[in-house]
Every structure is written in structure tokens, then in C-alpha cells.
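Colleague: What follows is the file input34.tsv, containing TSV, C-alpha atoms:
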chain	number	residue	atom	x	y	z
A	1	PHE	CA	76.90	-147.82	-123.77
A	2	ASN	CA	77.22	-150.60	-121.18
A	3	GLU	CA	74.42	-149.03	-119.14
A	4	MET	CA	72.20	-149.05	-122.24
A	5	VAL	CA	72.83	-152.74	-122.72
A	6	ALA	CA	72.28	-153.44	-119.02
A	7	VAL	CA	68.79	-151.93	-119.12
A	8	LYS	CA	68.13	-153.74	-122.41
A	9	VAL	CA	68.03	-150.64	-124.61
A	10	ALA	CA	69.24	-151.72	-128.04
A	11	PRO	CA	71.99	-149.47	-129.40
A	12	ASP	CA	71.47	-148.23	-132.95
A	13	ALA	CA	73.84	-147.18	-135.74
A	14	SER	CA	74.39	-143.71	-134.26
A	15	HIS	CA	75.62	-145.21	-130.98
A	16	TYR	CA	78.09	-147.54	-132.67
A	17	THR	CA	79.24	-144.78	-135.00
A	18	ALA	CA	79.97	-142.56	-131.99
A	19	LEU	CA	81.97	-145.37	-130.36
A	20	ILE	CA	83.97	-145.90	-133.56
A	21	SER	CA	84.62	-142.15	-133.79
A	22	LYS	CA	85.84	-141.98	-130.18
A	23	SER	CA	87.95	-145.15	-130.29
A	24	PRO	CA	91.54	-144.64	-129.09
A	25	ASP	CA	92.93	-146.48	-132.11
A	26	TYR	CA	91.96	-148.11	-135.39
A	27	GLU	CA	91.93	-151.63	-133.95
A	28	THR	CA	89.36	-150.66	-131.33
A	29	SER	CA	87.16	-149.04	-133.94
A	30	ILE	CA	87.23	-152.30	-135.95
A	31	LYS	CA	86.06	-154.23	-132.86
A	32	TRP	CA	83.08	-151.89	-132.47
A	33	TYR	CA	82.27	-152.28	-136.16
A	34	GLU	CA	82.37	-156.07	-135.87
A	35	GLN	CA	80.15	-155.96	-132.77
A	36	MET	CA	77.79	-153.70	-134.68
A	37	LEU	CA	77.48	-156.30	-137.46
A	38	SER	CA	77.09	-159.15	-135.00
A	39	GLU	CA	74.16	-157.29	-133.43
A	40	LYS	CA	72.60	-156.95	-136.90
A	41	VAL	CA	72.86	-153.15	-136.80
A	42	LYS	CA	73.30	-151.76	-140.30
A	43	PRO	CA	76.18	-149.29	-140.73
A	44	THR	CA	75.46	-145.90	-142.24
A	45	THR	CA	77.51	-143.58	-144.47
A	46	GLY	CA	78.55	-141.77	-141.29
A	47	THR	CA	79.81	-145.05	-139.85
A	48	TYR	CA	82.07	-145.63	-142.83
A	49	ASN	CA	83.22	-142.02	-142.81
A	50	CYS	CA	84.44	-142.57	-139.25
A	51	LEU	CA	86.18	-145.83	-140.20
A	52	ILE	CA	87.93	-144.11	-143.12
A	53	THR	CA	89.10	-141.37	-140.77
A	54	ARG	CA	90.22	-143.84	-138.09
A	55	GLY	CA	92.12	-145.91	-140.66
A	56	GLY	CA	94.04	-142.86	-141.80
A	57	THR	CA	95.60	-144.40	-144.92
A	58	VAL	CA	94.68	-144.57	-148.58
A	59	GLU	CA	94.68	-148.37	-148.42
A	60	THR	CA	92.19	-148.65	-145.55
A	61	ALA	CA	90.09	-145.86	-147.08
A	62	ALA	CA	89.77	-147.86	-150.32
A	63	ILE	CA	88.58	-150.91	-148.38
A	64	TRP	CA	85.82	-148.98	-146.62
A	65	LEU	CA	84.81	-147.14	-149.76
A	66	ASN	CA	84.37	-150.46	-151.58
A	67	GLN	CA	82.33	-151.77	-148.65
A	68	MET	CA	80.07	-148.74	-148.91
A	69	LYS	CA	79.52	-149.42	-152.60
A	70	ALA	CA	78.77	-153.08	-151.85
A	71	GLU	CA	76.07	-151.95	-149.41
A	72	ASP	CA	74.77	-149.39	-151.90
A	73	LEU	CA	75.61	-146.46	-149.64
A	74	ARG	CA	76.36	-143.22	-151.44
A	75	PRO	CA	79.36	-141.18	-150.26
A	76	ASN	CA	78.59	-137.69	-148.99
A	77	ALA	CA	80.73	-134.62	-148.34
A	78	GLY	CA	81.92	-136.16	-145.08
A	79	THR	CA	83.13	-139.22	-146.97
A	80	TYR	CA	85.20	-137.14	-149.36
A	81	ASN	CA	86.62	-135.08	-146.52
A	82	ALA	CA	87.61	-138.29	-144.74
A	83	LEU	CA	89.23	-139.52	-147.96
A	84	LEU	CA	91.10	-136.22	-148.29
A	85	VAL	CA	92.41	-136.58	-144.74
A	86	ALA	CA	93.83	-139.99	-145.63
A	87	GLU	CA	95.22	-138.85	-149.00
A	88	SER	CA	98.88	-137.83	-149.18
A	89	ASP	CA	99.11	-137.26	-152.94
A	90	PRO	CA	97.86	-133.82	-154.12
A	91	ASN	CA	97.12	-135.20	-157.60
A	92	GLN	CA	94.81	-137.85	-156.17
A	93	ALA	CA	93.27	-135.18	-153.95
A	94	LYS	CA	92.37	-133.19	-157.08
A	95	LYS	CA	90.37	-136.17	-158.35
A	96	LEU	CA	88.52	-136.33	-155.04
A	97	ILE	CA	87.74	-132.61	-155.23
A	98	ARG	CA	86.29	-133.03	-158.73
A	99	ARG	CA	84.15	-135.94	-157.57
A	100	LEU	CA	83.06	-133.99	-154.50
A	101	LYS	CA	82.08	-131.01	-156.66
A	102	SER	CA	80.10	-133.16	-159.06
A	103	SER	CA	78.25	-134.94	-156.25
A	104	THR	CA	77.49	-132.05	-153.92
A	105	GLY	CA	77.79	-128.96	-156.13
A	106	SER	CA	79.53	-126.90	-153.43
A	107	LEU	CA	82.31	-127.36	-150.92
A	108	SER	CA	82.13	-126.60	-147.22
A	109	GLY	CA	84.51	-124.97	-144.79
A	110	ALA	CA	85.32	-128.45	-143.48
A	111	THR	CA	86.90	-129.29	-146.84
A	112	PHE	CA	88.96	-126.11	-146.75
A	113	ASN	CA	90.17	-126.94	-143.23
A	114	VAL	CA	91.30	-130.39	-144.39
A	115	LEU	CA	93.22	-128.93	-147.33
A	116	ALA	CA	94.68	-126.12	-145.24
A	117	SER	CA	95.98	-128.70	-142.76
A	118	LYS	CA	97.80	-130.38	-145.66
A	119	VAL	CA	99.60	-127.10	-146.37
A	120	TYR	CA	100.56	-126.70	-142.71
A	121	GLN	CA	101.83	-130.29	-142.52
A	122	SER	CA	103.90	-130.06	-145.71
A	123	VAL	CA	107.57	-130.82	-145.23
A	124	ASP	CA	108.59	-128.01	-147.59
A	125	ASN	CA	107.18	-125.32	-149.85
A	126	ALA	CA	107.28	-127.54	-152.95
A	127	GLU	CA	104.79	-129.87	-151.31
A	128	ALA	CA	102.80	-126.95	-149.89
A	129	LEU	CA	102.45	-125.43	-153.37
A	130	ARG	CA	101.02	-128.67	-154.73
A	131	TRP	CA	98.36	-128.58	-152.02
A	132	LEU	CA	97.66	-124.94	-152.82
A	133	GLU	CA	96.81	-126.04	-156.36
A	134	VAL	CA	94.18	-128.34	-154.84
A	135	ILE	CA	92.81	-125.42	-152.82
A	136	ASP	CA	92.59	-123.31	-155.98
A	137	LEU	CA	90.84	-126.14	-157.82
A	138	ALA	CA	88.35	-126.35	-154.97
A	139	GLY	CA	87.62	-122.65	-155.41
A	140	PHE	CA	88.91	-121.53	-152.03
A	141	GLY	CA	90.95	-118.35	-151.79
A	142	LEU	CA	94.34	-118.23	-150.12
A	143	SER	CA	93.99	-117.08	-146.53
A	144	VAL	CA	96.47	-114.85	-144.75
A	145	GLN	CA	97.34	-117.77	-142.50
A	146	LEU	CA	98.19	-119.98	-145.50
A	147	ILE	CA	100.45	-117.35	-147.08
A	148	THR	CA	102.15	-116.84	-143.73
A	149	THR	CA	102.71	-120.58	-143.49
A	150	LEU	CA	104.37	-120.54	-146.92
A	151	ILE	CA	106.69	-117.76	-145.77
A	152	SER	CA	107.62	-119.65	-142.60
A	153	LYS	CA	108.32	-122.83	-144.60
A	154	SER	CA	110.53	-121.02	-147.14
A	155	LYS	CA	114.08	-122.32	-147.33
A	156	THR	CA	115.54	-118.96	-148.40
A	157	TYR	CA	114.77	-115.30	-147.85
A	158	ASP	CA	114.20	-114.79	-151.59
A	159	GLU	CA	111.61	-117.55	-151.54
A	160	ALA	CA	109.89	-115.90	-148.58
A	161	LEU	CA	109.78	-112.60	-150.49
A	162	LYS	CA	108.04	-114.34	-153.38
A	163	TYR	CA	105.19	-115.38	-151.09
A	164	TRP	CA	105.15	-111.96	-149.46
A	165	GLY	CA	104.22	-110.66	-152.91
A	166	LEU	CA	100.97	-112.64	-152.72
A	167	PHE	CA	99.64	-110.11	-150.21
A	168	LYS	CA	99.91	-107.33	-152.77
A	169	LYS	CA	98.39	-109.44	-155.54
A	170	ARG	CA	95.43	-110.44	-153.39
A	171	ASP	CA	95.04	-107.14	-151.56
A	172	GLN	CA	95.27	-108.88	-148.21
A	173	GLU	CA	96.62	-107.49	-144.96
A	174	PRO	CA	99.43	-109.41	-143.23
A	175	THR	CA	99.44	-110.07	-139.51
A	176	THR	CA	102.01	-109.87	-136.74
A	177	VAL	CA	102.70	-113.58	-137.29
A	178	THR	CA	103.46	-112.83	-140.96
A	179	PHE	CA	106.06	-110.23	-140.01
A	180	ASN	CA	107.54	-112.55	-137.40
A	181	ALA	CA	108.06	-115.14	-140.15
A	182	LEU	CA	109.70	-112.54	-142.43
A	183	ILE	CA	112.00	-111.34	-139.64
A	184	ASN	CA	112.97	-114.93	-138.94
A	185	LYS	CA	113.84	-115.46	-142.62
A	186	ALA	CA	115.76	-112.17	-142.95
A	187	PRO	CA	119.47	-112.66	-143.75
A	188	ASP	CA	120.72	-110.16	-141.15
A	189	PHE	CA	119.76	-107.70	-138.43
A	190	GLU	CA	119.54	-104.71	-140.79
A	191	VAL	CA	117.01	-106.40	-143.06
A	192	ALA	CA	115.07	-107.78	-140.09
A	193	SER	CA	114.86	-104.29	-138.58
A	194	LYS	CA	113.31	-102.93	-141.79
A	195	TRP	CA	110.44	-105.41	-141.38
A	196	LEU	CA	109.84	-104.01	-137.89
A	197	VAL	CA	109.62	-100.53	-139.42
A	198	GLU	CA	107.09	-101.71	-142.01
A	199	LEU	CA	105.10	-103.47	-139.32
A	200	HIS	CA	104.76	-100.16	-137.45
A	201	GLN	CA	103.94	-98.27	-140.65
A	202	ARG	CA	101.02	-100.62	-141.23
A	203	LYS	CA	99.88	-99.94	-137.67
A	204	ILE	CA	100.29	-103.61	-136.75
A	205	PHE	CA	101.39	-104.30	-133.20
A	206	PRO	CA	104.49	-106.44	-132.57
A	207	ASP	CA	104.33	-109.18	-129.96
A	208	SER	CA	106.99	-110.77	-127.78
A	209	VAL	CA	107.87	-113.23	-130.55
A	210	THR	CA	108.65	-110.29	-132.88
A	211	TYR	CA	111.34	-109.08	-130.49
A	212	LYS	CA	112.68	-112.57	-129.91
A	213	MET	CA	113.09	-113.06	-133.67
A	214	LEU	CA	114.88	-109.71	-133.93
A	215	LEU	CA	117.03	-110.54	-130.94
A	216	SER	CA	118.21	-113.70	-132.68
A	217	LYS	CA	119.42	-111.51	-135.56
A	218	ALA	CA	121.17	-108.90	-133.39
A	219	PRO	CA	124.93	-108.81	-134.13
A	220	ASP	CA	126.03	-108.04	-130.57
A	221	PHE	CA	124.91	-107.47	-126.99
A	222	GLU	CA	124.55	-103.70	-127.36
A	223	ASN	CA	122.03	-104.03	-130.22
A	224	GLY	CA	120.27	-106.81	-128.37
A	225	LEU	CA	119.99	-104.68	-125.24
A	226	GLY	CA	118.35	-101.93	-127.28
A	227	LEU	CA	115.71	-104.41	-128.42
A	228	VAL	CA	115.06	-105.58	-124.89
A	229	GLU	CA	114.44	-101.97	-123.83
A	230	LYS	CA	112.06	-101.45	-126.78
A	231	MET	CA	110.33	-104.66	-125.85
A	232	ARG	CA	109.85	-103.47	-122.29
A	233	ARG	CA	108.46	-100.13	-123.45
A	234	ARG	CA	105.89	-102.09	-125.43
A	235	GLY	CA	104.80	-103.81	-122.24
A	236	PHE	CA	106.62	-107.13	-122.72
A	237	GLU	CA	108.81	-108.10	-119.79
A	238	PRO	CA	111.84	-110.22	-120.74
A	239	ASP	CA	111.59	-113.91	-119.86
A	240	LEU	CA	114.28	-116.59	-119.63
A	241	ASP	CA	114.24	-117.13	-123.39
A	242	VAL	CA	114.87	-113.43	-124.03
A	243	TYR	CA	117.81	-113.31	-121.61
A	244	GLN	CA	119.31	-116.46	-123.09
A	245	ARG	CA	119.14	-114.97	-126.59
A	246	LEU	CA	120.59	-111.69	-125.32
A	247	PHE	CA	123.48	-113.29	-123.44
A	248	SER	CA	124.41	-115.41	-126.45
A	249	LYS	CA	125.53	-112.19	-128.17
A	250	ASN	CA	129.12	-110.94	-128.27
A	251	PHE	CA	129.74	-108.56	-125.38
A	252	LYS	CA	132.63	-106.90	-127.26
A	253	GLU	CA	134.21	-104.27	-125.00
A	254	LEU	CA	131.48	-104.47	-122.35
A	255	SER	CA	132.80	-106.11	-119.18
A	256	ALA	CA	131.09	-109.04	-117.47
A	257	ALA	CA	130.87	-106.91	-114.33
A	258	LYS	CA	128.88	-104.23	-116.17
A	259	VAL	CA	126.57	-106.84	-117.70
A	260	LEU	CA	125.95	-108.38	-114.28
A	261	GLU	CA	125.29	-104.96	-112.76
A	262	TRP	CA	122.58	-104.36	-115.37
A	263	PHE	CA	121.20	-107.90	-115.03
A	264	HIS	CA	120.90	-107.79	-111.24
A	265	ALA	CA	118.99	-104.51	-111.50
A	266	GLN	CA	116.24	-106.16	-113.54
A	267	PRO	CA	113.00	-107.11	-111.77
A	268	TYR	CA	113.38	-110.65	-113.10
A	269	HIS	CA	116.89	-112.05	-113.53
A	270	PRO	CA	116.89	-115.86	-113.81
A	271	ALA	CA	120.20	-117.46	-112.92
A	272	LYS	CA	119.93	-119.98	-115.75
A	273	ALA	CA	120.33	-117.18	-118.29
A	274	ILE	CA	123.96	-116.78	-117.19
A	275	GLU	CA	124.70	-120.20	-118.72
A	276	SER	CA	124.47	-118.47	-122.11
A	277	ALA	CA	126.79	-115.66	-120.99
A	278	ILE	CA	129.46	-118.11	-119.80
A	279	SER	CA	129.19	-120.08	-123.05
A	280	GLN	CA	129.46	-116.89	-125.12
A	281	CYS	CA	132.57	-115.75	-123.25
A	282	ARG	CA	134.26	-119.11	-123.74
A	283	LYS	CA	133.29	-119.10	-127.40
A	284	SER	CA	134.86	-115.67	-127.91
A	285	GLY	CA	137.97	-116.59	-125.89
A	286	ASP	CA	137.17	-114.29	-122.96
A	287	ILE	CA	138.04	-116.65	-120.11
A	288	LEU	CA	138.23	-113.86	-117.53
A	289	GLY	CA	134.71	-112.82	-118.51
A	290	ALA	CA	133.50	-116.40	-118.17
A	291	LEU	CA	135.12	-116.63	-114.72
A	292	ARG	CA	133.54	-113.34	-113.67
A	293	PHE	CA	130.07	-114.67	-114.52
A	294	SER	CA	130.96	-117.95	-112.79
A	295	LEU	CA	131.98	-116.05	-109.65
A	296	ASP	CA	128.40	-114.87	-109.13
A	297	TYR	CA	126.81	-118.13	-110.28
A	298	PRO	CA	129.27	-120.92	-109.45
A	299	HIS	CA	126.50	-123.50	-108.99
A	300	LEU	CA	125.54	-123.43	-112.68
A	301	GLU	CA	126.52	-126.41	-114.79
A	302	SER	CA	128.52	-124.30	-117.25
A	303	ALA	CA	130.39	-122.61	-114.39
A	304	ARG	CA	131.30	-125.92	-112.74
A	305	LYS	CA	132.39	-127.27	-116.13
A	306	LEU	CA	134.63	-124.23	-116.62
A	307	MET	CA	136.19	-124.62	-113.16
A	308	LYS	CA	136.79	-128.32	-113.77
A	309	GLU	CA	138.43	-127.75	-117.15
A	310	MET	CA	140.46	-124.68	-116.12
A	311	PRO	CA	141.25	-125.20	-112.40
A	312	VAL	CA	144.47	-123.16	-112.41
A	313	GLU	CA	142.88	-120.09	-113.97
A	314	ALA	CA	139.78	-120.44	-111.79
A	315	THR	CA	141.78	-120.79	-108.55
A	316	GLU	CA	143.91	-117.77	-109.41
A	317	PHE	CA	140.88	-115.65	-110.30
A	318	PHE	CA	138.79	-116.55	-107.24
A	319	ASN	CA	141.74	-116.17	-104.84
A	320	ALA	CA	142.37	-112.73	-106.32
A	321	GLN	CA	138.82	-111.78	-105.31
A	322	LEU	CA	139.46	-113.00	-101.77
A	323	SER	CA	142.72	-111.06	-101.61
A	324	ALA	CA	140.85	-107.90	-102.53
A	325	ASN	CA	137.98	-108.68	-100.15
A	326	ALA	CA	138.36	-111.38	-97.53
A	327	GLU	CA	134.58	-111.42	-97.05
A	328	HIS	CA	133.66	-111.64	-100.70
A	329	PRO	CA	130.17	-113.22	-100.74
A	330	ASN	CA	130.85	-115.49	-103.72
A	331	ALA	CA	134.57	-116.31	-103.90
A	332	ASP	CA	134.61	-118.88	-101.08
A	333	TYR	CA	131.47	-120.49	-102.47
A	334	ALA	CA	133.04	-120.77	-105.93
A	335	LEU	CA	136.29	-122.22	-104.58
A	336	GLY	CA	134.41	-124.59	-102.31
A	337	LEU	CA	132.36	-125.92	-105.23
A	338	MET	CA	135.43	-126.30	-107.39
A	339	TYR	CA	137.25	-128.31	-104.71
A	340	PHE	CA	134.07	-130.27	-103.96
A	341	ASP	CA	133.81	-131.38	-107.58
A	342	ALA	CA	137.53	-132.21	-107.57
A	343	GLU	CA	136.97	-134.35	-104.43
A	344	GLN	CA	139.50	-132.30	-102.45
A	345	VAL	CA	137.58	-132.66	-99.21
A	346	ALA	CA	139.68	-130.57	-96.82
A	347	GLU	CA	139.95	-127.58	-99.16
A	348	ALA	CA	136.26	-127.81	-100.05
A	349	LYS	CA	135.23	-127.91	-96.37
A	350	THR	CA	137.35	-124.85	-95.51
A	351	HIS	CA	135.85	-122.66	-98.21
A	352	LEU	CA	132.28	-123.92	-97.91
A	353	GLU	CA	132.25	-123.33	-94.14
A	354	ARG	CA	133.46	-119.77	-94.68
A	355	ALA	CA	130.85	-119.30	-97.39
A	356	LEU	CA	128.16	-120.52	-94.98
A	357	VAL	CA	129.17	-117.91	-92.43
A	358	LEU	CA	128.89	-115.18	-95.06
A	359	ALA	CA	125.70	-116.47	-96.66
A	360	ARG	CA	122.39	-114.87	-95.94
A	361	ARG	CA	119.31	-116.89	-95.16
A	362	GLY	CA	117.73	-118.61	-98.10
A	363	ARG	CA	118.56	-121.00	-100.89
A	364	ARG	CA	122.35	-120.60	-100.77
A	365	ARG	CA	122.56	-121.47	-97.07
A	366	TYR	CA	120.48	-124.54	-97.73
A	367	GLN	CA	122.72	-125.61	-100.62
A	368	LEU	CA	125.86	-125.05	-98.55
A	369	GLN	CA	124.48	-127.11	-95.67
A	370	ILE	CA	123.74	-130.00	-98.07
A	371	LEU	CA	127.27	-129.83	-99.54
A	372	LEU	CA	128.89	-129.81	-96.10
A	373	GLU	CA	126.71	-132.71	-95.02
A	374	LYS	CA	127.88	-134.68	-98.07
A	375	LEU	CA	131.50	-133.91	-97.21
A	376	SER	CA	130.90	-135.06	-93.64
A	377	ASN	CA	129.40	-138.32	-94.86
A	378	ALA	CA	132.25	-138.81	-97.31
A	379	LYS	CA	134.74	-138.68	-94.45
A	380	LYS	CA	132.92	-141.45	-92.65
Could I get this file's structure written as C-alpha cells?
Modeller:
Amino acid sequence: FNEMVAVKVAPDASHYTALISKSPDYETSIKWYEQMLSEKVKPTTGTYNCLITRGGTVETAAIWLNQMKAEDLRPNAGTYNALLVAESDPNQAKKLIRRLKSSTGSLSGATFNVLASKVYQSVDNAEALRWLEVIDLAGFGLSVQLITTLISKSKTYDEALKYWGLFKKRDQEPTTVTFNALINKAPDFEVASKWLVELHQRKIFPDSVTYKMLLSKAPDFENGLGLVEKMRRRGFEPDLDVYQRLFSKNFKELSAAKVLEWFHAQPYHPAKAIESAISQCRKSGDILGALRFSLDYPHLESARKLMKEMPVEATEFFNAQLSANAEHPNADYALGLMYFDAEQVAEAKTHLERALVLARRGRRRYQLQILLEKLSNAKK
């Protein structure tokens, strides 16, 4: 634009309208509009459509609509769509739809997209249903995506089932996302699993989200582990989120040692996932289990918190590991970290130095060297 002015090419309405449309905020768009008027460039319907959109409220929309009327500019489909974007009341939106129909005769996909966005943005299903009435008035059919959105916004499982019935009434085929929403709304693992069965019966492929939703419903670690194996057979490798959901499940009779043996055998086994395992053990009252997980991952925040809050139990447990194996690769590290956090410098130095001797090359050696350097500086 500045280059146009520099070479004395006069900008026209389309140039100013583009600047208004691309303005970072409403105030900037107003400045361009005022400059447009000062240059005696006459605004077009498109200009006012952009200003209505940039304003984003019913109040500013009314101002620009009145200005259009004062300049004898007729609103077009774009105007009504801009007004619909600004409108938050479905009843007022119905009036706009009627006016749009009477002025243009037919509605475009752009209008449907505006109304669909209102459904997606609804705070609850009551509001979404009111916008669906507007969509029906406009003559648009309910899309699979809209019905799925209603299911996901349902407050109860029974409410979700009601919207599920719309697929049968309209002879539409649900998608994987639809089933994910139903699984998420299911009251328990048994019901959620039935949706997975129906998904397969319809020859619809589950995705990683499907298994994550099911995993959230799993009653214990054993059931969760079965899902992870199914997930892997489907070609989805577990990520951190999957492991965190899995380790938040009750381990029941399964020992922490067995869980760790399985975890370490996985191609990808992120340390951060063990935070969930430690938290689950503490929640279920299995302190020995929590300490066993902490033994292998003492640097984790939840492990250090456990050692700080239960120093007697932690000291006894870690020393028992050293008694059984004087060269245990983790026990000295765990004790050293516990004493480091407790500011017991001599004890921390003893165990961390031993851990450094036992540590292989890599991240742990680096961490131990930093800790020992901090202890050395603390002495000075």
C-alpha cells in the first residue's frame, strides 16, 4: 500500500477494504476506514461487511448496517453472514436468516459454516440445540460432524444416546470421532467396550484417541494393559499420554517390579510416565510400591517428594537394596538425592560419589557430576 502511494497510484475501495479485512484489530480497521473517507474513496458493501466482521458485536454491526442504509448500499449475502457471525442470540439469527432468504433466495455454504461454528462454540447442548433450529430454518441438513459435536457436548450419557439416535433417523454413518465421543461419555468400561465392538462391526477403524478414551475407562492396570496391546496390534505405538493413563490405574496384586520389568522392555518408555505410577501407589496406600518405582527413577519430582515426606521409610527401603546388593545401580543414587534435598551434605556426597562410580556414561553421570559440584560449592 505504501509503495502504491509512493509511486502516486491512487488506492481504490478494494485496496482499503483489503486493509480493513487484514487489520490486526478493530481499532486499526477504523483508522483505515477514516483514511479511506479522507481520501474521498467511497466504501462499498464489501467494505462494510469487513467492518461488521471486525467489530464482532451486535452493537457495532448495527452501526455499520445503518451507515450502509444511509449511503443507499444494499446488504448482500456477505453482509448477512457477517451479521450472523456477530450475533449471539439464535432468535435474532432466525430473523437474519429470513431476511437473507427473502433477499437472495438461496443460502450458501458460507452461511452454513457460520451457523455450524455457533454449534461448535456453544457452551452446552441447550444452546447448541437453539442454533440447530436456525440451521433447520435455513434449510441445511444436520451433518455428521454436527451430531458428533452434540454428543461430545452432552452432560450425561443418556443425553449422548439421544443424539446418537439422530444417525438412525437421518440414515447417516457415524465416524471414528463419533465413537470416540460415545466412549468418552460411557459410564463405565463395560459400556465403553461395547462401543468399540460396534465400531468394528460397522467396519470403522479406531484411532489412537479411541484407545486413549477406553484406557481412561479401564478399571485397573490389567485391563488397561490389554488395551495397550490391542492398540499396538493396530499399529499405534503408546506415547507418554498412553503410559500416564495406564499407570494411573490400580495395579492390584501386580508388583511394581513386574510393572517396571514390562515397562523397560518397551521400545519407548518415558521416565515421566512413572510419575503417574508413584502417585497411583500413594493413592492406594502402597508405599512400598511407590518406593520401588522411586528406586529406579529417584530424580522425578514425585519420587523426591515421597522421599522428603517419608524419609524413614525411604532410607530403610533403599538401604535394604544396598544390603542385598552393594553395587545396586540405583540405591546410592536415590539415597544421595534424598540427602541432597535434605541438605545433609556429607551423607549426600558419600552416596552420590558411589553412584557416580557405578553409573554408566550418559545423562545420569552428567546429573551426578552437577550434584557433586553443587555440594562442593556449598561447602565453600
Colleague: Please provide as a PyMOL selection string all residues within 12 Å of Lys95 in chain A, with the sequence filter that same-chain residues fewer than 2 positions apart are discarded (counting only C-alpha atoms).
Modeller: chain A and resi 80+83-84+87+89-93+97-102+134+137-138
Colleague: What are the closest atom pairs, with distances in Å to one decimal, for all residues of range 304-377 of chain A lying within 12 Å of range 255-277 of chain A? Consider only C-alpha atoms, order rows by chain and residue number, and present the result as CSV.
Modeller:
residue,atom,partner,partner_atom,distance
A:Arg304,CA,A:Glu275,CA,10.6
A:Lys305,CA,A:Glu275,CA,10.8
A:Leu306,CA,A:Glu275,CA,10.9
Colleague: So that I can see what lies close to range 205-213 of chain A, please list as a ChimeraX atom specification the residues with an atom at most 12 Å from it, counting only C-alpha atoms and leaving out residues fewer than 5 positions away in the same chain.
Modeller: /A:174-189,192-193,195-200,218,223-246
Colleague: Pick out the residues sitting within 12 Å of Leu295 in chain A, and hand them over as number ranges by chain; count only C-alpha atoms, and ignore anything fewer than 3 positions along from it in its own chain.
Modeller: A: 256-257, 260, 274, 278, 288-292, 298-300, 302-304, 306-307, 314-315, 317-322, 328-338
Colleague: Quick one, how far is CA of Val41 in chain A from CA of Leu96 in chain A?
Modeller: 29.3 Å
Colleague: Tell me which of A:Lys94, A:Lys22, A:Arg170, A:Lys252 sits closest to Cys50 in chain A, counting all atoms listed in the file.
Modeller: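 Closest to Cys50 in chain A, using all atoms listed in the file: A:Lys22.
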Colleague: Counting only C-alpha atoms, which residue out of A:Ala18, A:Phe247, A:Asn325, A:Lys217 sits closest to Phe293 in chain A?
Modeller: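 Among the listed residues, the smallest separation from Phe293 in chain A belongs to A:Phe247.
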Colleague: Excluding Lys374 in chain A and its own-chain neighbours fewer than 6 positions away, which residues fall within 10 Å of it when counting all atoms listed in the file? Please give them as a list of chain:residue names.
Modeller: A:Phe340, A:Val345, A:Leu368
Colleague: Using only C-alpha atoms, which protein or nucleic acid residues come within 12 Å of Ala128 in chain A? Drop anything in the same chain fewer than 4 positions from it, and give the result as number ranges by chain.
Modeller: A: 88-90, 115-124, 132-135, 146-154, 163
Colleague: Up to 9 Å from (83.8, -144.5, -137.6) in the file's coordinates: name the residues, counting only C-alpha atoms, as a compact mmCIF listing (two decimals) with C-alpha atoms, in the coordinates of the input.
Modeller:
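Here's the written file part-v3.txt:
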# COMPACT_ATOMS: atom_id res chain seq x y z
CA TYR A 16 78.09 -147.54 -132.67
CA THR A 17 79.24 -144.78 -135.00
CA ALA A 18 79.97 -142.56 -131.99
CA LEU A 19 81.97 -145.37 -130.36
CA ILE A 20 83.97 -145.90 -133.56
CA SER A 21 84.62 -142.15 -133.79
CA LYS A 22 85.84 -141.98 -130.18
CA SER A 23 87.95 -145.15 -130.29
CA SER A 29 87.16 -149.04 -133.94
CA ILE A 30 87.23 -152.30 -135.95
CA TYR A 33 82.27 -152.28 -136.16
CA GLY A 46 78.55 -141.77 -141.29
CA THR A 47 79.81 -145.05 -139.85
CA TYR A 48 82.07 -145.63 -142.83
CA ASN A 49 83.22 -142.02 -142.81
CA CYS A 50 84.44 -142.57 -139.25
CA LEU A 51 86.18 -145.83 -140.20
CA ILE A 52 87.93 -144.11 -143.12
CA THR A 53 89.10 -141.37 -140.77
CA ARG A 54 90.22 -143.84 -138.09
CA GLY A 55 92.12 -145.91 -140.66
Colleague: So the first atom is CA of Leu372 in chain A and the second is CA of Glu313 in chain A; what is the distance between them in Å, to one decimal place?
Modeller: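 Computing the Euclidean distance for CA of Leu372 in chain A and CA of Glu313 in chain A yields 24.7 Å.
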Colleague: Please indicate the distance in Å from CA of Glu71 in chain A to CA of Ser14 in chain A, rounded to one decimal place.
Modeller: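 These atoms are spaced 17.3 Å apart.
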Colleague: Give the answer as one residue: which of A:Leu375, A:Val357, A:Glu190, A:Ser108 has the shortest atom-to-atom distance to Leu214 in chain A, using only C-alpha atoms?
Modeller: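 Of all the options, A:Glu190 lies closest to Leu214 in chain A.
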